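*Asks:* Here it is: the structure, laid out below.
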Amino acid sequence: MITEKEIDIARKCIDIALKKGADAARMSLNKCVSDSVTIFNGEIDKVTHSADRSLYMYIFADGRYGTFSTNRLDIHALDKFIGNAVNMVRMLGEDSLRRLPDKSRTAEDAKTGMELELFDRSYLNSDADSRISTARSLSIYGKVNPEECRIISEECEYTDSYDDTVLIDSQGFEGRHTETTFSAFVEMTIEDADGNKYSGFWWENTPFSDKLDIRNIAPKALERAVRQIGPKPRRGGRYRMVVDRNNATRLVSPLFSALNASSIQQKMSFLDGSIGQKIFSEGMTIMDLPRTVGKSGSRLYDTEGVATKDAPIIENGIVRQYFVNTYMSGKTGFAPTVEDISRPCLMPYIKGEDLAGREKEVSLEDILKLCGSGVYVTGFNGGNCNPVTGDFSYGVEGFAFSKGKITHPVREMLITGNMIELWNNLMAAGTDARECARWQIPTLAFEGVSFSA
């Protein structure tokens, strides 16, 4: 992990930058170690170890700004490096809007990096043998023989890592964030009796080793591959669409991009001018919950050191917040917020029902039953969303369903529409977002989506 000696060097770098003529400076000291083991068809295929230490420098001098990085933490070498960096910044074009955030906005509660309880000390006891053993235990190749098909390849990967970051600036801000990650992934390819091939995958991810449940990852990947056997054509038209929780982020990410002040300033946002306006369905609420202890995606400050807070991004269809860093605040005149989304959580919703105080979970099965018939999308195959208009076109695959029950697989279909129109046709959002995901987006359902065969 980052040592006190290394932190002291980062502090001295701030002093050096100021002495060399910088008006202000920020230093980001990062350490990351990652180990992974890949098993292919039951045998060890690859073992990797990567370690990185870097010092990123953000120099503000004479109304100009530049960024630099090095992995050498020798203070004598850094003295010369920083002097050259400051001189180089002075040669750049003037940009008076570049500055550190107001100190009153920076986090004051990120002193040790452990406040969010995302560091699992058992990571320190991990070794090569335990990693290989965990990776091997993922594999079911040669141990399972499905009747419907033949497993022709299986790839399993186990990874554990830790990230440690210290952020310091010349205004006196110091923050630290430390976390571990344990993840496992399996992808299965099968062949049916007619020689058709299908693939399925599953994964788990957690900051804590004892919460990584690897028992069902390979069986789940196999199940997802097998259920694709025998796809049938589906006629184009307007259908109700249910989107699997593992893929629903594809429909949310364009919204966050459009709410970024940089996109708005560059006239590349279909949500320009939407702040305080009811743009989406009344039942649509997305919270950013970055201060949830022990959950992936949580953080106490952004890359500028600005304190995060739990807040609505979209509330009952009303846009409540843009993502505005210090620079973009000066460019646009918007009040500064945080640089970007941390841990978005889309709240449960069923059209026409009041879920306040309701404890019952809203599952995929509940949503399929609610929708009756339509297409259940479990994968996106290419496509894009126009950032200016919000018009989208995505290739999809999944299943037809009728009377609330899945009937058969469908492939090679295309959905088209507009993001604002789509989210105004939101029928339901479940309570089943995967706990292991940084973005807490559950199963979603929409009415009247245009499908092309």
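Residues in the structure tokens are named by chain (A, B, ... in the order shown) and by number from 1 within that chain; ligands are numbered from 1 in the order shown.
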Can you list, as a PDB file with all heavy atoms, in the first residue's frame, every protein, DNA or RNA residue that comes within 6 Å of stretch 403-416 of chain A when you count only C-alpha atoms, leaving out same-chain residues fewer than 2 positions away?
*Replies:*
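Saved result, result-v3.pdb, follows:
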```
ATOM      1  N   GLN A 228     -30.477 -20.319 -25.305  1.00  0.00           N
ATOM      2  CA  GLN A 228     -30.523 -19.639 -26.602  1.00  0.00           C
ATOM      3  C   GLN A 228     -30.770 -20.606 -27.769  1.00  0.00           C
ATOM      4  O   GLN A 228     -31.005 -20.176 -28.902  1.00  0.00           O
ATOM      5  CB  GLN A 228     -29.193 -18.910 -26.855  1.00  0.00           C
ATOM      6  CG  GLN A 228     -28.908 -17.792 -25.877  1.00  0.00           C
ATOM      7  CD  GLN A 228     -27.548 -17.163 -26.131  1.00  0.00           C
ATOM      8  OE1 GLN A 228     -27.189 -16.856 -27.273  1.00  0.00           O
ATOM      9  NE2 GLN A 228     -26.775 -16.993 -25.076  1.00  0.00           N
ATOM     10  N   PRO A 231     -33.569 -20.480 -31.701  1.00  0.00           N
ATOM     11  CA  PRO A 231     -34.231 -19.178 -31.874  1.00  0.00           C
ATOM     12  C   PRO A 231     -35.220 -19.209 -33.038  1.00  0.00           C
ATOM     13  O   PRO A 231     -35.026 -19.932 -34.016  1.00  0.00           O
ATOM     14  CB  PRO A 231     -33.058 -18.229 -32.173  1.00  0.00           C
ATOM     15  CG  PRO A 231     -32.004 -19.101 -32.769  1.00  0.00           C
ATOM     16  CD  PRO A 231     -32.128 -20.418 -32.065  1.00  0.00           C
ATOM     17  N   LYS A 232     -36.272 -18.421 -32.902  1.00  0.00           N
ATOM     18  CA  LYS A 232     -37.290 -18.330 -33.952  1.00  0.00           C
ATOM     19  C   LYS A 232     -37.404 -16.875 -34.408  1.00  0.00           C
ATOM     20  O   LYS A 232     -37.172 -15.954 -33.627  1.00  0.00           O
ATOM     21  CB  LYS A 232     -38.638 -18.816 -33.419  1.00  0.00           C
ATOM     22  CG  LYS A 232     -38.643 -20.271 -32.995  1.00  0.00           C
ATOM     23  CD  LYS A 232     -40.009 -20.663 -32.440  1.00  0.00           C
ATOM     24  CE  LYS A 232     -39.998 -22.117 -31.963  1.00  0.00           C
ATOM     25  NZ  LYS A 232     -41.326 -22.501 -31.394  1.00  0.00           N
ATOM     26  N   LEU A 368     -42.380  -9.495 -16.031  1.00  0.00           N
ATOM     27  CA  LEU A 368     -42.883 -10.232 -17.199  1.00  0.00           C
ATOM     28  C   LEU A 368     -44.392 -10.433 -17.096  1.00  0.00           C
ATOM     29  O   LEU A 368     -45.124 -10.278 -18.085  1.00  0.00           O
ATOM     30  CB  LEU A 368     -42.175 -11.584 -17.314  1.00  0.00           C
ATOM     31  CG  LEU A 368     -40.697 -11.564 -17.717  1.00  0.00           C
ATOM     32  CD1 LEU A 368     -40.116 -12.973 -17.643  1.00  0.00           C
ATOM     33  CD2 LEU A 368     -40.519 -10.993 -19.118  1.00  0.00           C
ATOM     34  N   LYS A 369     -44.853 -10.766 -15.902  1.00  0.00           N
ATOM     35  CA  LYS A 369     -46.285 -10.963 -15.695  1.00  0.00           C
ATOM     36  C   LYS A 369     -47.040  -9.657 -15.898  1.00  0.00           C
ATOM     37  O   LYS A 369     -48.127  -9.631 -16.513  1.00  0.00           O
ATOM     38  CB  LYS A 369     -46.525 -11.504 -14.283  1.00  0.00           C
ATOM     39  CG  LYS A 369     -47.982 -11.848 -13.990  1.00  0.00           C
ATOM     40  CD  LYS A 369     -48.121 -12.443 -12.594  1.00  0.00           C
ATOM     41  CE  LYS A 369     -49.581 -12.781 -12.283  1.00  0.00           C
ATOM     42  NZ  LYS A 369     -49.725 -13.357 -10.922  1.00  0.00           N
ATOM     43  N   GLY A 372     -47.156  -8.932 -19.706  1.00  0.00           N
ATOM     44  CA  GLY A 372     -47.975  -9.860 -20.482  1.00  0.00           C
ATOM     45  C   GLY A 372     -47.226 -10.477 -21.633  1.00  0.00           C
ATOM     46  O   GLY A 372     -46.852 -11.644 -21.596  1.00  0.00           O
ATOM     47  N   SER A 373     -46.980  -9.713 -22.688  1.00  0.00           N
ATOM     48  CA  SER A 373     -46.272 -10.233 -23.852  1.00  0.00           C
ATOM     49  C   SER A 373     -45.345  -9.161 -24.407  1.00  0.00           C
ATOM     50  O   SER A 373     -45.549  -7.964 -24.198  1.00  0.00           O
ATOM     51  CB  SER A 373     -47.251 -10.682 -24.939  1.00  0.00           C
ATOM     52  OG  SER A 373     -48.015  -9.580 -25.411  1.00  0.00           O
ATOM     53  N   PHE A 392     -31.699   6.614 -30.942  1.00  0.00           N
ATOM     54  CA  PHE A 392     -30.838   5.444 -30.777  1.00  0.00           C
ATOM     55  C   PHE A 392     -31.223   4.334 -31.736  1.00  0.00           C
ATOM     56  O   PHE A 392     -32.350   4.269 -32.251  1.00  0.00           O
ATOM     57  CB  PHE A 392     -30.893   4.924 -29.337  1.00  0.00           C
ATOM     58  CG  PHE A 392     -32.250   4.411 -28.911  1.00  0.00           C
ATOM     59  CD1 PHE A 392     -32.674   3.125 -29.233  1.00  0.00           C
ATOM     60  CD2 PHE A 392     -33.110   5.217 -28.183  1.00  0.00           C
ATOM     61  CE1 PHE A 392     -33.918   2.659 -28.843  1.00  0.00           C
ATOM     62  CE2 PHE A 392     -34.362   4.758 -27.782  1.00  0.00           C
ATOM     63  CZ  PHE A 392     -34.767   3.479 -28.118  1.00  0.00           C
ATOM     64  N   SER A 393     -30.276   3.437 -31.929  1.00  0.00           N
ATOM     65  CA  SER A 393     -30.494   2.217 -32.711  1.00  0.00           C
ATOM     66  C   SER A 393     -29.556   1.166 -32.157  1.00  0.00           C
ATOM     67  O   SER A 393     -28.330   1.332 -32.181  1.00  0.00           O
ATOM     68  CB  SER A 393     -30.200   2.475 -34.192  1.00  0.00           C
ATOM     69  OG  SER A 393     -30.291   1.274 -34.942  1.00  0.00           O
ATOM     70  N   TYR A 394     -30.120   0.073 -31.629  1.00  0.00           N
ATOM     71  CA  TYR A 394     -29.320  -0.982 -31.026  1.00  0.00           C
ATOM     72  C   TYR A 394     -29.737  -2.350 -31.567  1.00  0.00           C
ATOM     73  O   TYR A 394     -30.946  -2.637 -31.656  1.00  0.00           O
ATOM     74  CB  TYR A 394     -29.497  -1.019 -29.502  1.00  0.00           C
ATOM     75  CG  TYR A 394     -29.026   0.206 -28.758  1.00  0.00           C
ATOM     76  CD1 TYR A 394     -29.932   0.985 -28.036  1.00  0.00           C
ATOM     77  CD2 TYR A 394     -27.686   0.580 -28.755  1.00  0.00           C
ATOM     78  CE1 TYR A 394     -29.513   2.100 -27.327  1.00  0.00           C
ATOM     79  CE2 TYR A 394     -27.250   1.701 -28.054  1.00  0.00           C
ATOM     80  CZ  TYR A 394     -28.173   2.453 -27.340  1.00  0.00           C
ATOM     81  OH  TYR A 394     -27.757   3.559 -26.650  1.00  0.00           O
ATOM     82  N   GLY A 395     -28.771  -3.177 -31.879  1.00  0.00           N
ATOM     83  CA  GLY A 395     -29.065  -4.573 -32.149  1.00  0.00           C
ATOM     84  C   GLY A 395     -29.298  -5.299 -30.836  1.00  0.00           C
ATOM     85  O   GLY A 395     -28.606  -5.041 -29.848  1.00  0.00           O
ATOM     86  N   VAL A 396     -30.291  -6.187 -30.809  1.00  0.00           N
ATOM     87  CA  VAL A 396     -30.621  -6.874 -29.555  1.00  0.00           C
ATOM     88  C   VAL A 396     -30.860  -8.363 -29.794  1.00  0.00           C
ATOM     89  O   VAL A 396     -31.131  -8.809 -30.907  1.00  0.00           O
ATOM     90  CB  VAL A 396     -31.882  -6.270 -28.880  1.00  0.00           C
ATOM     91  CG1 VAL A 396     -31.648  -4.821 -28.507  1.00  0.00           C
ATOM     92  CG2 VAL A 396     -33.114  -6.413 -29.772  1.00  0.00           C
ATOM     93  N   GLU A 397     -30.745  -9.107 -28.709  1.00  0.00           N
ATOM     94  CA  GLU A 397     -31.130 -10.520 -28.702  1.00  0.00           C
ATOM     95  C   GLU A 397     -31.817 -10.805 -27.381  1.00  0.00           C
ATOM     96  O   GLU A 397     -31.703 -10.027 -26.427  1.00  0.00           O
ATOM     97  CB  GLU A 397     -29.908 -11.415 -28.857  1.00  0.00           C
ATOM     98  CG  GLU A 397     -28.887 -11.274 -27.741  1.00  0.00           C
ATOM     99  CD  GLU A 397     -27.659 -12.132 -27.969  1.00  0.00           C
ATOM    100  OE1 GLU A 397     -27.247 -12.321 -29.128  1.00  0.00           O
ATOM    101  OE2 GLU A 397     -27.104 -12.609 -26.966  1.00  0.00           O
ATOM    102  N   GLY A 398     -32.540 -11.890 -27.320  1.00  0.00           N
ATOM    103  CA  GLY A 398     -33.239 -12.214 -26.090  1.00  0.00           C
ATOM    104  C   GLY A 398     -34.308 -13.262 -26.301  1.00  0.00           C
ATOM    105  O   GLY A 398     -34.070 -14.275 -26.983  1.00  0.00           O
ATOM    106  N   PHE A 399     -35.514 -12.994 -25.792  1.00  0.00           N
ATOM    107  CA  PHE A 399     -36.579 -13.987 -25.816  1.00  0.00           C
ATOM    108  C   PHE A 399     -37.933 -13.312 -26.033  1.00  0.00           C
ATOM    109  O   PHE A 399     -38.171 -12.208 -25.532  1.00  0.00           O
ATOM    110  CB  PHE A 399     -36.629 -14.758 -24.494  1.00  0.00           C
ATOM    111  CG  PHE A 399     -35.355 -15.477 -24.159  1.00  0.00           C
ATOM    112  CD1 PHE A 399     -34.337 -14.820 -23.479  1.00  0.00           C
ATOM    113  CD2 PHE A 399     -35.154 -16.790 -24.533  1.00  0.00           C
ATOM    114  CE1 PHE A 399     -33.153 -15.460 -23.178  1.00  0.00           C
ATOM    115  CE2 PHE A 399     -33.972 -17.438 -24.236  1.00  0.00           C
ATOM    116  CZ  PHE A 399     -32.973 -16.775 -23.560  1.00  0.00           C
ATOM    117  N   ALA A 400     -38.779 -13.990 -26.772  1.00  0.00           N
ATOM    118  CA  ALA A 400     -40.173 -13.577 -26.821  1.00  0.00           C
ATOM    119  C   ALA A 400     -40.862 -14.107 -25.565  1.00  0.00           C
ATOM    120  O   ALA A 400     -40.494 -15.158 -25.035  1.00  0.00           O
ATOM    121  CB  ALA A 400     -40.844 -14.138 -28.068  1.00  0.00           C
ATOM    122  N   PHE A 401     -41.846 -13.363 -25.074  1.00  0.00           N
ATOM    123  CA  PHE A 401     -42.626 -13.872 -23.939  1.00  0.00           C
ATOM    124  C   PHE A 401     -44.097 -13.580 -24.171  1.00  0.00           C
ATOM    125  O   PHE A 401     -44.465 -12.608 -24.852  1.00  0.00           O
ATOM    126  CB  PHE A 401     -42.131 -13.308 -22.608  1.00  0.00           C
ATOM    127  CG  PHE A 401     -42.306 -11.824 -22.436  1.00  0.00           C
ATOM    128  CD1 PHE A 401     -43.448 -11.299 -21.821  1.00  0.00           C
ATOM    129  CD2 PHE A 401     -41.328 -10.927 -22.855  1.00  0.00           C
ATOM    130  CE1 PHE A 401     -43.612  -9.933 -21.650  1.00  0.00           C
ATOM    131  CE2 PHE A 401     -41.481  -9.557 -22.684  1.00  0.00           C
ATOM    132  CZ  PHE A 401     -42.627  -9.058 -22.081  1.00  0.00           C
ATOM    133  N   SER A 450     -40.137   0.156 -30.701  1.00  0.00           N
ATOM    134  CA  SER A 450     -40.136  -0.267 -32.099  1.00  0.00           C
ATOM    135  C   SER A 450     -39.033  -1.291 -32.353  1.00  0.00           C
ATOM    136  O   SER A 450     -37.848  -1.001 -32.204  1.00  0.00           O
ATOM    137  CB  SER A 450     -39.925   0.952 -33.012  1.00  0.00           C
ATOM    138  OG  SER A 450     -39.878   0.556 -34.359  1.00  0.00           O
ATOM    139  N   PHE A 451     -39.461  -2.515 -32.740  1.00  0.00           N
ATOM    140  CA  PHE A 451     -38.542  -3.599 -33.065  1.00  0.00           C
ATOM    141  C   PHE A 451     -38.603  -3.862 -34.577  1.00  0.00           C
ATOM    142  O   PHE A 451     -39.678  -3.879 -35.162  1.00  0.00           O
ATOM    143  CB  PHE A 451     -38.950  -4.893 -32.353  1.00  0.00           C
ATOM    144  CG  PHE A 451     -38.582  -4.940 -30.901  1.00  0.00           C
ATOM    145  CD1 PHE A 451     -39.374  -4.312 -29.951  1.00  0.00           C
ATOM    146  CD2 PHE A 451     -37.459  -5.633 -30.477  1.00  0.00           C
ATOM    147  CE1 PHE A 451     -39.064  -4.378 -28.601  1.00  0.00           C
ATOM    148  CE2 PHE A 451     -37.130  -5.699 -29.126  1.00  0.00           C
ATOM    149  CZ  PHE A 451     -37.932  -5.062 -28.185  1.00  0.00           C
ATOM    150  N   SER A 452     -37.415  -4.079 -35.168  1.00  0.00           N
ATOM    151  CA  SER A 452     -37.330  -4.502 -36.575  1.00  0.00           C
ATOM    152  C   SER A 452     -36.682  -5.869 -36.609  1.00  0.00           C
ATOM    153  O   SER A 452     -35.726  -6.141 -35.875  1.00  0.00           O
ATOM    154  CB  SER A 452     -36.490  -3.510 -37.385  1.00  0.00           C
ATOM    155  OG  SER A 452     -37.047  -2.214 -37.313  1.00  0.00           O
ATOM    156  N   ALA A 453     -37.214  -6.735 -37.476  1.00  0.00           N
ATOM    157  CA  ALA A 453     -36.668  -8.092 -37.571  1.00  0.00           C
ATOM    158  C   ALA A 453     -35.402  -8.056 -38.408  1.00  0.00           C
ATOM    159  O   ALA A 453     -35.261  -7.209 -39.297  1.00  0.00           O
ATOM    160  CB  ALA A 453     -37.690  -9.031 -38.203  1.00  0.00           C
TER     161      ALA A 453
END
```
*Asks:* I'd like to know which residues of stretch 223-377 of chain A are strand (DSSP E) (by DSSP, run on the backbone); could you write them as JSON, numbers by chain?
*Replies:* {"A": [237, 238, 239, 240, 241, 242, 243, 286, 287, 288, 311, 312, 313, 314, 315, 318, 319, 344, 345, 346, 349, 350, 374, 375, 376, 377]}
*Asks:* Given the choices A:Glu339, A:Glu353, A:Glu223, A:Glu154, which gets closest to A:Arg136 if the distance is worked out from only C-alpha atoms?
*Replies:*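 Ranking A:Glu339, A:Glu353, A:Glu223, A:Glu154 by distance to A:Arg136, first place goes to A:Glu154.
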*Asks:* With only C-alpha atoms as the atoms that count, which of A:Asp302, A:Asn246, A:Met188, A:Thr443 lies nearest to A:Phe380?
*Replies:*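 Closest to A:Phe380 of all the choices is A:Asn246.
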*Asks:* How many Å separate atom CA of A:Ser161 from atom CA of A:Gly305?
*Replies:* 23.4 Å
*Asks:* Compile the contact shell of A:Lys80 as a PyMOL selection string: residues with an atom at most 10 Å away, counting only C-alpha atoms, same-chain residues fewer than 4 positions apart removed.
*Replies:* chain A and resi 16+20+75-76+84-85
*Asks:* How would the residues just picked look written out with C-alpha atoms as an mmCIF file, in the first residue's frame?
*Replies:*
```
data_model
loop_
_atom_site.group_PDB
_atom_site.id
_atom_site.type_symbol
_atom_site.label_atom_id
_atom_site.label_comp_id
_atom_site.auth_asym_id
_atom_site.auth_seq_id
_atom_site.Cartn_x
_atom_site.Cartn_y
_atom_site.Cartn_z
ATOM 1 C CA ILE A 16 8.390 22.245 -5.048
ATOM 2 C CA LYS A 20 9.180 26.770 -9.016
ATOM 3 C CA ILE A 75 12.747 13.596 -4.629
ATOM 4 C CA HIS A 76 15.883 14.892 -6.380
ATOM 5 C CA ASN A 84 10.488 21.478 -16.282
ATOM 6 C CA ALA A 85 6.746 20.863 -15.939
#
```
